[in-house]
Each structure stands twice: as structure tokens, then as C-alpha cells.
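Structure, as C-alpha cells:
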Amino acid sequence: MPTRRPSRVSREAQPAVPAPALLPDFCSLPMALGVVLYGELLAILLALASPSPLSGFWARLGPLSLLVLGIVMLAASLLCILRTPLRRMPGVAVVPTALVVIVVSAVTVAWMCTILVPWAEGAGLFPDDGARGLLIRAGLISAIVGALMLRYLYLHQQWRAQVEAVANARLKTLQARIRPHFLFNSMNTIASLTQSDPRLAEEVVEDLADLFRASLATDADRTTLDEELELSRRYLNIEAQRLGARMRVIWDLEDLPGDALVPPLILQPLLENAVYHGIQPSAEPGEIRIVGRLRRGAVNLSIRNTLPRPADEARRHKGNGMALQNVSQRMEAMFPGAARVTRSLVDGDYLVRLVFPYPWRQS
């Protein structure tokens with residue numbers, strides 16, 4: 001009796017999943033750019049709302065931009081520094097604390113302007129009631145604008161949660177409808193190997209068991225890149241026993257971080273599409289190339305497969321794009337605004353490319 005090969009794909013122990021944060025990551029570059037953009041828009045709005053003649057718009061906009069951008073950048077910096085303590089607070093305390101930070105930042109910057117009284121007066125920042133009026137107005141305006149901003153961020157967080165829930169629901173749909181032809185073909189392959197190569201038949205059974213175990217797991221919303229790649233190898237090993245010389249697989253992976261976190265079952269559906277739509281209907285041998293690199297803090301993974309000739313188009317299955325759409329949605333849910341899933345034709349081959357950040361810090 002052949003010795004059972006230890007399973008290298010395990011989903012019992014998963015990284016701890018932190019609770020979703022109400023506030024975004026103010027330390028990230030996209031958020032910093034957004035803060036600057038919306039701060040400048042607010043400065044333009046305040047300059048337009050001034051009762052002064054419109055001819056003095058540009059003269060008012062410069063000082064107002066410095067004031068508003070100073071406030072928003074100070075508030076964003078403090079929220080970035082306080083990111084960890086805010087995440088540990090109960091949800092009901094996060095928003096009031098963040099609002100206090102915004103108001104304190106506004107009053108602080110306004111107070112610094114009062115120190116530069118000649119410049120502030122010349123720029124027209126002081127209202128008729130002087131420095132005290134500037135502090136009061138800065139505090140009230142920042143409280144109102146900050147409350148609106150935090151409300152928007154809350155709605156945005158709810159939208160993200162809804163997108164993630166839809167993506168997870170589609171994942172469960174994919175898990176529940178594993179293509180019957182794959183199971184039947186795998187069982188036929190195992191049956192044919194039982195007489196000719198019992199050891200290989202046992203390995204195929206183990207690969208199939210691991211694949212189904214991972215596919216039916218519903219309690220994990222992320223896994224490591226090493227586990228995803230191992231699961232992909234097991235899937236392709238099963239298909240290789242069925243397709244034989246018709247399928248050639250090339251792995252080109254260098255310096256990939258095995259501990260990088262990804263949503264589960266990200267690669268296997270894409271490889272299944274490559275086999276089902278590219279290799280299987282072709283009358284000639286086909287090739288699947290998996291390339292991975294770590295470049296400038298981002299993991300780049302691409303799956304490229306040959307396509308059937310025009311003469312074989314009648315045998316080609318028409319897909320609905322559900323698997324690719326599900327992968328895109330789940331990548332966006334896990335890496336909001338920081339992941340890309342693209343597809344293209346390169347020299348007659350079909351190419352799917354995944355790009356996501358490493359190391360990843362949840363916002």
C-alpha cells in the first residue's frame with residue numbers, strides 16, 4: 001500500500017481577521033491625495049461664498065487654500081497617527097473622537113494664523129470680529145464639514161461591506177456548483193490509473209480531496225499565496241493526468257512572498273477557465289504559463305493560455321465571465337482601490353493579470 005502523501009493545503013488555521021474599520025487608512029497615498037483634493041475644493045467654495053467682489057477671487061483663494069489645506073493635512077496626519085487606537089475603540093466612540101481631532105486641528109491652525117496677524121489680516125482671513133471670530137468659525141465649519149465627511153465614509157464602508165457580501169455570495173455559488181464534468185473526468189482518470197499506476201492514482205485522489213476540501217470551506221475569507229499556488233498545482237496535476245501531452249504547464253515564479261494574503265480560490269477558477277476554454281477544445285497541444293513577480297511593493301501574477309484555432313471554435317465553450325467577475329469583486333473587496341484584475345489578448349493568447357499590494361495593511 002503506497003504511503004499517503006501529506007497534504008500541503010490546509011485551511012484549518014487561518015490568519016486572524018480584524019474587524020472592518022469604520023475609518024479609512026489616512027496613511028495611504030490615495031487617501032492623502034483625496035484629502036488634498038477635497039480640501040482645495042472646500043477652499044474654492046469658501047472663496048466663492050465671500051461677499052467680496054469676484055475680481056478679488058484669486059487673491060482670497062491663495063490664503064484660504066493654505067488655511068484649509070493646513071487644517072485637513074494636520075487632521076489627516078493625526079488620524080493616521082491615531083489609527084491603531086481608533087481601531088481598538090468601540091464603534092460608537094470612533095466617530096466622536098475623529099470629529100474632535102478634526103475640530104482641534106482646525107482651531108490649532110486658525111490659532112497659528114492669529115500669531116501671523118499682519119499676514120492674516122492682509123489676506124482677508126479675519127472676519128469683522130477679529131481673531132476670536134476666526135477661531136470660532138474655523139471650529140464650527142470644521143465640525144460641520146467633518147461630520148459630513150465622516151457620514152460619507154460610513155456610507156462608503158457600508159457599500160464596501162455590501163460589495164464584499166455579494167462577492168462572497170457568488171463565491172459560495174461557485175463552490176456549490178463545481179462543474180460535474182470535472183468531477184466525472186477526474187474519477188475516470190483515477191479509474192484508469194488504478195490498474196496501471198496505483199501510486200499515481202492515489203496522488204490524484206489526494207489532490208482531488210484537497211481541492212474539494214478547499215472549495216467547500218466557507219469559514220475563511222483569506223489565505224496565503226503559498227496555499228493558493230499549491231492548490232493550483234494540485235488542480236493542474238489532476239487535469240494533466242486527463243489531458244496528457246495536450247497540456248503543457250510552465251511555472252515562472254521568482255521572489256514571490258508566500259505569506260502574502262489573498263482571497264481563497266482566486267487562481268483555481270482562472271486556471272479552470274484556461275483549461276476549459278483554451279486547452280480542452282483545441283485539437284493541438286496548448287500551453288498555460290503562470291508568471292509571478294514582486295515589483296515595487298506589488299505582487300504581479302499572470303495566467304496566459306493559448307486559444308483554439310478558428311477551425312476549433314465550434315468546440316469552444318462559451319463562458320459567462322462569472323468566475324472572472326467574482327475574482328475581480330473579491331480582490332477589490334480585500335484591496336480597495338489597490339488591486340487590479342485585467343484581461344487581454346497577447347499574440348493570440350488569452351492573458352489574465354492580477355496585481356495586489358504586499359505587504360498589505362487592512363484599512
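Each chain in the C-alpha cells gets a letter, A, B and so on, in the order shown; residues start at 1 in every chain, and ligands are counted from 1 in the order they appear.
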In segment 205-293 of chain A, DSSP strand (DSSP E or B) residues written as a list in words: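 Strand (DSSP E or B) members of segment 205-293 of chain A, listed: Thr223, Thr224, Met247, Arg248, Val249, Ile250, Trp251, Asp252, Leu253, Leu261, Val262, Gly286, Glu287, Ile288, Arg289, Ile290, Val291, Gly292 and Arg293 of chain A.
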Produce a file of the selected residues containing C-alpha atoms, as a short mmCIF file (atom, residue, chain, number, x, y, z; two decimals), in the first residue's frame.
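New file selection.cif:
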```cif
data_model
loop_
_atom_site.label_atom_id
_atom_site.label_comp_id
_atom_site.auth_asym_id
_atom_site.auth_seq_id
_atom_site.Cartn_x
_atom_site.Cartn_y
_atom_site.Cartn_z
CA THR A 223 -5.49 32.54 2.66
CA THR A 224 -1.78 32.75 1.84
CA MET A 247 -1.44 20.46 -22.00
CA ARG A 248 1.92 21.97 -21.10
CA VAL A 249 2.22 23.99 -17.89
CA ILE A 250 5.09 26.42 -17.28
CA TRP A 251 5.65 27.91 -13.82
CA ASP A 252 7.78 31.05 -13.76
CA LEU A 253 7.71 32.35 -10.18
CA LEU A 261 -2.68 37.28 1.90
CA VAL A 262 -5.23 36.78 -0.87
CA GLY A 286 -1.75 24.02 -25.72
CA GLU A 287 0.23 25.83 -23.09
CA ILE A 288 -0.56 27.52 -19.78
CA ARG A 289 2.07 29.86 -18.37
CA ILE A 290 1.86 31.13 -14.78
CA VAL A 291 4.24 34.04 -14.15
CA GLY A 292 4.75 35.78 -10.81
CA ARG A 293 6.97 38.64 -9.69
#
```
Nearby residues (only C-alpha atoms) at most 12 Å from Ile303 of chain A, same-chain spacing under 3 positions excluded, as a ChimeraX atom specification: /A:232,249-253,266-275,278,287-292,300,306,341-346,349-355
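Going from atom CA of Leu69 of chain A over to atom CA of Glu40 of chain A, you cover 6.8 Å.
Here the question is which of A:Leu301, A:Glu206, A:Met334, A:Leu99 gets nearest to Leu148 of chain A using only C-alpha atoms, and that residue is A:Leu99.
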Compare A:Pro285, A:Ala106, A:Asp259, A:His277 by their minimum atom-to-atom distance to Trp360 of chain A, counting only C-alpha atoms, and give me the closest one.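 Checking each of A:Pro285, A:Ala106, A:Asp259, A:His277 against Trp360 of chain A, counting only C-alpha atoms, the winner is A:Asp259.
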Can you measure atom CA of Leu155 of chain A to atom CA of Val103 of chain A for me? One decimal in Å is fine.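 Value for the atom CA of Leu155 of chain A-atom CA of Val103 of chain A distance: 21.4 Å.
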Show me, as a tab-separated table (two decimals) with C-alpha atoms, in the first residue's frame, the residues that have an atom within 10 Å of Ala47 of chain A when counting only C-alpha atoms, minus same-chain residues fewer than 3 positions from it.
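Dumped everything to part_33.tsv:
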```
chain	number	residue	atom	x	y	z
A	41	LEU	CA	-12.47	72.24	-3.35
A	42	LEU	CA	-13.62	73.49	0.05
A	43	ALA	CA	-11.24	76.45	-0.20
A	44	ILE	CA	-12.67	77.32	-3.63
A	50	SER	CA	-17.28	85.52	0.19
A	51	PRO	CA	-19.30	88.76	-0.19
A	52	SER	CA	-16.20	90.48	-1.56
A	54	LEU	CA	-15.41	88.49	-7.63
A	56	GLY	CA	-10.55	89.51	-5.78
A	57	PHE	CA	-11.26	85.76	-6.04
A	58	TRP	CA	-7.68	84.70	-6.74
A	59	ALA	CA	-6.30	86.94	-4.02
A	60	ARG	CA	-8.63	85.28	-1.49
A	61	LEU	CA	-8.14	81.74	-2.81
A	62	GLY	CA	-4.40	81.56	-2.09
A	63	PRO	CA	-4.55	82.29	1.66
A	64	LEU	CA	-7.76	80.25	2.06
A	65	SER	CA	-6.09	77.29	0.35
```
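One distance worth recording is that between atom CA of Pro281 of chain A and atom CA of Arg246 of chain A, which is 10.4 Å.
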